[in-house]
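Undergrad: Before I ask anything, let me first share the structure, which is written out below as structure tokens.
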Amino acid sequence: MNIQTISTRPFDGQRPGTSGLRKKVSVFQQADYLENFVQALFDILPDRAGQTLVLGGDGRFHNRMAVQTILRMAAANGFGKVLVGQGGLLSTPAVSAVIRKHHCFGGVILSASHNPGGPDGDFGIKYNIANGGPAPEKITEAIFARTQVLTEYRTVADSADIDLETLGTRRVGDMMVEVIDPVADYAELMQQLFDFDAMRAWFAAGGRMRFDAMNAVCGPYARAILEGQLGAPAGTVANGQPLEDFGGHHPDPNPAHATDLIAAMSGPQAPDFGAASDGDADRNMILGRDFVVTPSDSLAVLAANATRAPGYRNGLAGIARSMPTSCAADAVAAALGIPCFETPTGWKFFGNLLDAGKATLCGEESYGTGSNHVREKDGLWAVLFWLNLLATTGESVESLVRAHWARFGRHYYSRHDWEGIATEQADALMASLRAQLPTLEGRDCGAGLRIAHADDFAYTDPVDGSVSTRQGIRLIFENGCRVVFRLSGTGTEGATLRVYLERFEPDASRHDLPAQQTLAELIHIADEIADIRGHSGMTAPTVIT
Ligand code: VG1
Ligand code: CO
């Protein structure tokens, strides 16, 4: 093997955010940019010699080139073998499943998730550890530190691109590369968790579904499982072909970006069940006919009905949710007599709880739901879980959610995103909120809303004791209402302020109100305290979900 050592110099800003390093494609296209990050990663993995790595991405522009680059660097850095998805494709949850099933050392996922793709879009890279989950902060910070002092990287010279299209084994330098079916291991895992016979029967009896894969990586998975194994009619999966630019759309399954699906799910002729997933297939959106399920409610409904799915028949050890996610899951945990953990935003914080057997289901308000079957959130898993519930109860999506509200009360919830704020202005807004914290507790904001508690969320991991601070400003009101402010860690342009709003309504006669109306006072209070309009120079949020 002809190993070549190339000198390089550090790039600024190679610090992974909420979920990996995300930048504009043009940034990643700079000579040595990707190589530096990958070398920094390999450098902090001293035990890598001879190990097996998993590699794949969501198929966005630059995916194929990056796969070839990383294969050459993995060979030059002593890895023994890489399992790479056919065509360079692997969804985020599939990488997690493959790492776990084949006891691999780790995995590299090429994705910027729900961010737009194409030459003018975003690219991203993230590393997952041997448990199949996102690298914890200790590792991402070590990678970043290494990027800042790097002077050279290693690759294999004179190695042509390998064929990623045909399944089978080949070599890059002295390293084995196995091109694997990206769907097989994942589909096998789903069969162990869900009642495939009941779901097959649901379709056979005329149950109708529309799954929008948003021209992202979930298409092949959804087609193989829904249309292939469960007998859903061809065409159930819409936009099932992965495209390098996702057809020019944001592959972001929410009411703002999945407008085609929302339209298709409206009216008496609409299918019974609608769903979508994001760029790397770890997010999900759940819809009934003329009915949208919030992700926080989805987590709570799945938790309350978990024993209906074979994989969860013995019940749940606990539930974990990210801090801004609504407290709907807490109510279920209390009823089940199991713990509910509150973590910072980002799936990496669930890993220890899952590994330790403390939590079985996890969820985030950002359309992320998952369980201990892998160590990532999993879009199609959540969709199959819902389908399993529909098939085994005979209920509709709407009736399941309404029954849930009647039993546990309804947590009205919304997230307002203010995108593209100048970074200094967004930082000033957060600094001002932090400075106000001591004076906020006890403040009467009118409309029966008094702030009982205000803080900057900090988390101590109950398993390894690691502490993460400055995870979002929380205003918790005496009646349980909550407002949370935090800055996004996944964007690539300016700053995005996320404002999370929540109000609990126990009274079943008040479960049919428009969410924005119910939250209007909180929205007003949030704007007043944070002076969002003043800092951003904007008059309204850019995305409301
Ligand atoms: C967002 C979401 C967060 C999620 C993260 C990665 O992060 O809010 O809940 O874990 O994206 O999801 P942020 O920092 O922009 O708020 V994905 O599907 O992009 O891997
Ligand atoms: Co994603």
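Chain labels follow the order of the structure tokens: the first chain is A, the next B, and so on; residue numbering restarts at 1 in every chain, and ligands are counted from 1 in their shown order.
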Contacts of Gly311 of chain A at 8 Å or less, counting only C-alpha atoms, minus same-chain residues fewer than 4 places along, as a list in words?
TA: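 Listed by chain and then number, they are Gln192, Leu193, Phe194 and Thr307 of chain A.
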Undergrad: Please, could you write that set of residues out with N, CA and C atoms as a PDB file, in the first residue's frame?
TA:
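The resulting selection32.pdb:
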```
ATOM      1  N   GLN A 192     -38.160  -7.769  13.862  1.00  0.00           N
ATOM      2  CA  GLN A 192     -38.114  -8.278  15.235  1.00  0.00           C
ATOM      3  C   GLN A 192     -38.959  -7.428  16.183  1.00  0.00           C
ATOM      4  N   LEU A 193     -39.205  -6.180  15.805  1.00  0.00           N
ATOM      5  CA  LEU A 193     -39.841  -5.244  16.732  1.00  0.00           C
ATOM      6  C   LEU A 193     -41.344  -5.132  16.540  1.00  0.00           C
ATOM      7  N   PHE A 194     -41.804  -5.293  15.292  1.00  0.00           N
ATOM      8  CA  PHE A 194     -43.202  -4.968  14.998  1.00  0.00           C
ATOM      9  C   PHE A 194     -43.969  -6.162  14.449  1.00  0.00           C
ATOM     10  N   THR A 307     -46.780  -1.539  24.621  1.00  0.00           N
ATOM     11  CA  THR A 307     -46.840  -3.005  24.740  1.00  0.00           C
ATOM     12  C   THR A 307     -47.620  -3.655  23.600  1.00  0.00           C
TER      13      THR A 307
END
```
Undergrad: Would you mind listing what lies within 12 Å of Ala276 of chain A as JSON, numbers by chain, with only C-alpha atoms counted and same-chain residues fewer than 4 positions away left out?
TA: {"A": [114, 209, 210, 211, 212, 213, 214, 215, 216, 217, 218, 219, 222, 236, 237, 238, 239, 240, 251, 252, 253, 254, 255, 257, 258, 259, 260, 261, 262, 265, 280, 281, 282, 283, 284, 285, 286, 287, 292, 367, 368, 378, 379, 380, 381, 382, 383, 384]}
Undergrad: Those residues you just picked out, can you put them in a file as a compact mmCIF listing (two decimals), in the first residue's frame with N, CA and C atoms?
TA:
```txt
# COMPACT_ATOMS: atom_id res chain seq x y z
N HIS A 114 -31.73 17.42 7.69
CA HIS A 114 -32.88 18.11 7.08
C HIS A 114 -32.46 19.37 6.32
N MET A 209 -52.15 4.41 2.95
CA MET A 209 -51.08 5.19 3.54
C MET A 209 -50.36 5.98 2.47
N ARG A 210 -49.83 7.14 2.85
CA ARG A 210 -48.91 7.86 1.97
C ARG A 210 -47.65 8.18 2.77
N PHE A 211 -46.53 7.68 2.29
CA PHE A 211 -45.24 7.96 2.94
C PHE A 211 -44.42 8.83 2.01
N ASP A 212 -44.06 10.02 2.45
CA ASP A 212 -43.28 10.93 1.62
C ASP A 212 -41.81 10.85 2.04
N ALA A 213 -40.99 10.25 1.17
CA ALA A 213 -39.57 10.10 1.49
C ALA A 213 -38.77 11.34 1.12
N MET A 214 -39.43 12.35 0.60
CA MET A 214 -38.83 13.65 0.32
C MET A 214 -37.56 13.55 -0.54
N ASN A 215 -37.53 12.57 -1.43
CA ASN A 215 -36.36 12.36 -2.31
C ASN A 215 -35.05 12.25 -1.54
N ALA A 216 -35.18 11.69 -0.33
CA ALA A 216 -33.99 11.52 0.50
C ALA A 216 -33.74 10.04 0.73
N VAL A 217 -32.90 9.72 1.69
CA VAL A 217 -32.37 8.34 1.75
C VAL A 217 -33.39 7.32 2.24
N CYS A 218 -34.50 7.76 2.84
CA CYS A 218 -35.47 6.77 3.35
C CYS A 218 -36.21 6.04 2.24
N GLY A 219 -36.22 6.60 1.03
CA GLY A 219 -36.99 5.99 -0.07
C GLY A 219 -36.77 4.50 -0.22
N ALA A 222 -38.21 2.57 2.81
CA ALA A 222 -39.68 2.58 2.89
C ALA A 222 -40.28 1.70 1.80
N THR A 236 -47.43 3.90 -2.69
CA THR A 236 -47.63 4.31 -1.29
C THR A 236 -46.48 5.22 -0.86
N VAL A 237 -45.27 4.88 -1.33
CA VAL A 237 -44.10 5.71 -1.03
C VAL A 237 -43.96 6.76 -2.14
N ALA A 238 -44.13 8.01 -1.78
CA ALA A 238 -43.97 9.10 -2.74
C ALA A 238 -42.56 9.67 -2.63
N ASN A 239 -42.06 10.20 -3.72
CA ASN A 239 -40.71 10.79 -3.74
C ASN A 239 -39.68 9.83 -3.16
N GLY A 240 -39.76 8.58 -3.62
CA GLY A 240 -38.92 7.52 -3.04
C GLY A 240 -37.53 7.43 -3.63
N PRO A 251 -35.45 18.62 2.90
CA PRO A 251 -35.97 17.30 3.29
C PRO A 251 -36.28 17.30 4.78
N ASP A 252 -37.22 18.13 5.17
CA ASP A 252 -37.51 18.39 6.57
C ASP A 252 -38.99 18.11 6.82
N PRO A 253 -39.29 16.97 7.46
CA PRO A 253 -40.68 16.57 7.60
C PRO A 253 -41.40 17.36 8.69
N ASN A 254 -41.92 18.48 8.34
CA ASN A 254 -42.75 19.25 9.27
C ASN A 254 -43.79 19.99 8.45
N PRO A 255 -44.78 20.57 9.10
CA PRO A 255 -45.87 21.19 8.33
C PRO A 255 -45.39 22.33 7.43
N HIS A 257 -42.48 22.34 5.63
CA HIS A 257 -41.76 21.87 4.44
C HIS A 257 -42.40 20.65 3.77
N ALA A 258 -43.26 19.94 4.46
CA ALA A 258 -43.92 18.79 3.82
C ALA A 258 -45.33 19.20 3.40
N THR A 259 -45.43 20.29 2.69
CA THR A 259 -46.75 20.84 2.35
C THR A 259 -47.52 19.93 1.39
N ASP A 260 -46.81 19.25 0.47
CA ASP A 260 -47.50 18.33 -0.45
C ASP A 260 -48.21 17.22 0.32
N LEU A 261 -47.51 16.70 1.31
CA LEU A 261 -48.08 15.60 2.10
C LEU A 261 -49.29 16.10 2.89
N ILE A 262 -49.15 17.27 3.49
CA ILE A 262 -50.27 17.83 4.27
C ILE A 262 -51.48 17.97 3.35
N MET A 265 -53.12 14.72 2.57
CA MET A 265 -53.78 14.09 3.72
C MET A 265 -55.06 14.81 4.12
N ASP A 280 -31.68 12.21 6.23
CA ASP A 280 -30.96 10.99 6.62
C ASP A 280 -31.86 9.97 7.29
N ALA A 281 -33.19 10.20 7.21
CA ALA A 281 -34.20 9.21 7.65
C ALA A 281 -34.25 8.99 9.15
N ASP A 282 -33.74 9.94 9.92
CA ASP A 282 -33.88 9.74 11.37
C ASP A 282 -35.05 10.52 11.96
N ARG A 283 -35.66 11.42 11.18
CA ARG A 283 -36.84 12.14 11.68
C ARG A 283 -38.11 11.55 11.10
N ASN A 284 -39.22 11.83 11.73
CA ASN A 284 -40.51 11.38 11.22
C ASN A 284 -41.59 12.39 11.50
N MET A 285 -42.57 12.44 10.60
CA MET A 285 -43.79 13.20 10.86
C MET A 285 -44.96 12.24 10.70
N ILE A 286 -45.93 12.35 11.60
CA ILE A 286 -47.08 11.45 11.62
C ILE A 286 -48.36 12.26 11.39
N LEU A 287 -49.16 11.80 10.46
CA LEU A 287 -50.41 12.48 10.15
C LEU A 287 -51.56 11.48 10.06
N VAL A 292 -52.73 16.44 12.24
CA VAL A 292 -51.29 16.45 12.38
C VAL A 292 -50.92 16.10 13.82
N TYR A 367 -39.29 16.30 15.70
CA TYR A 367 -39.66 15.19 14.82
C TYR A 367 -38.69 14.02 14.93
N GLY A 368 -38.15 13.83 16.13
CA GLY A 368 -37.25 12.71 16.36
C GLY A 368 -37.80 11.78 17.42
N ASP A 378 -35.05 7.36 14.78
CA ASP A 378 -35.29 6.48 13.65
C ASP A 378 -36.67 6.78 13.04
N GLY A 379 -36.65 7.41 11.87
CA GLY A 379 -37.89 7.85 11.23
C GLY A 379 -38.83 6.72 10.87
N LEU A 380 -38.34 5.75 10.11
CA LEU A 380 -39.23 4.68 9.65
C LEU A 380 -39.69 3.80 10.81
N TRP A 381 -38.83 3.63 11.79
CA TRP A 381 -39.22 2.89 13.00
C TRP A 381 -40.48 3.51 13.62
N ALA A 382 -40.48 4.85 13.77
CA ALA A 382 -41.63 5.52 14.38
C ALA A 382 -42.88 5.33 13.52
N VAL A 383 -42.69 5.37 12.21
CA VAL A 383 -43.82 5.20 11.29
C VAL A 383 -44.38 3.78 11.42
N LEU A 384 -43.49 2.80 11.49
CA LEU A 384 -43.94 1.41 11.64
C LEU A 384 -44.61 1.19 13.00
```
Undergrad: Around ligand 1, which protein and nucleic acid residues have at least one atom no more than 6 Å from it, if we count only C-alpha atoms and all ligand atoms? List them as a VMD selection string.
TA: chain A and resid 18 to 19 113 to 114 282 to 283 345 to 347 364 366 488 to 490
Undergrad: Pick out the closest residue to Glu478 of chain A from this set: A:Ala530, A:Met1, A:Cys445, A:Ala329. Count only C-alpha atoms.
TA: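 Closest to Glu478 of chain A of all the choices is A:Cys445.
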Undergrad: Nearest to ligand 2: which of A:Leu226, A:Ala356, A:Ala112, A:Ala263 is it, counting only C-alpha atoms and all ligand atoms?
TA: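 Among the listed residues, the smallest separation from ligand 2 belongs to A:Ala112.
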Undergrad: By how many Å are atom CA of Asp417 of chain A and atom CA of His535 of chain A apart?
TA: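 Separation of atom CA of Asp417 of chain A and atom CA of His535 of chain A: 14.1 Å.
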Undergrad: Just the residues within 12 Å of Pro462 of chain A, please, counting only C-alpha atoms, with nothing from its chain fewer than 2 positions along; format it as a PyMOL selection string.
TA: chain A and resi 341-343+349-359+459-460+464-468
Undergrad: May I have all residues of segment 200-393 of chain A that DSSP, computed from the backbone, assigns to helix (DSSP H, G or I), given as a PyMOL selection string?
TA: chain A and resi 200-204+218-229+246-248+259-264+295-304+306-308+310-312+328-336+347-349+351-355+379-393
Undergrad: Can you measure atom CA of Ala540 of chain A to atom CA of Trp418 of chain A for me? One decimal in Å is fine.
TA: 7.5 Å
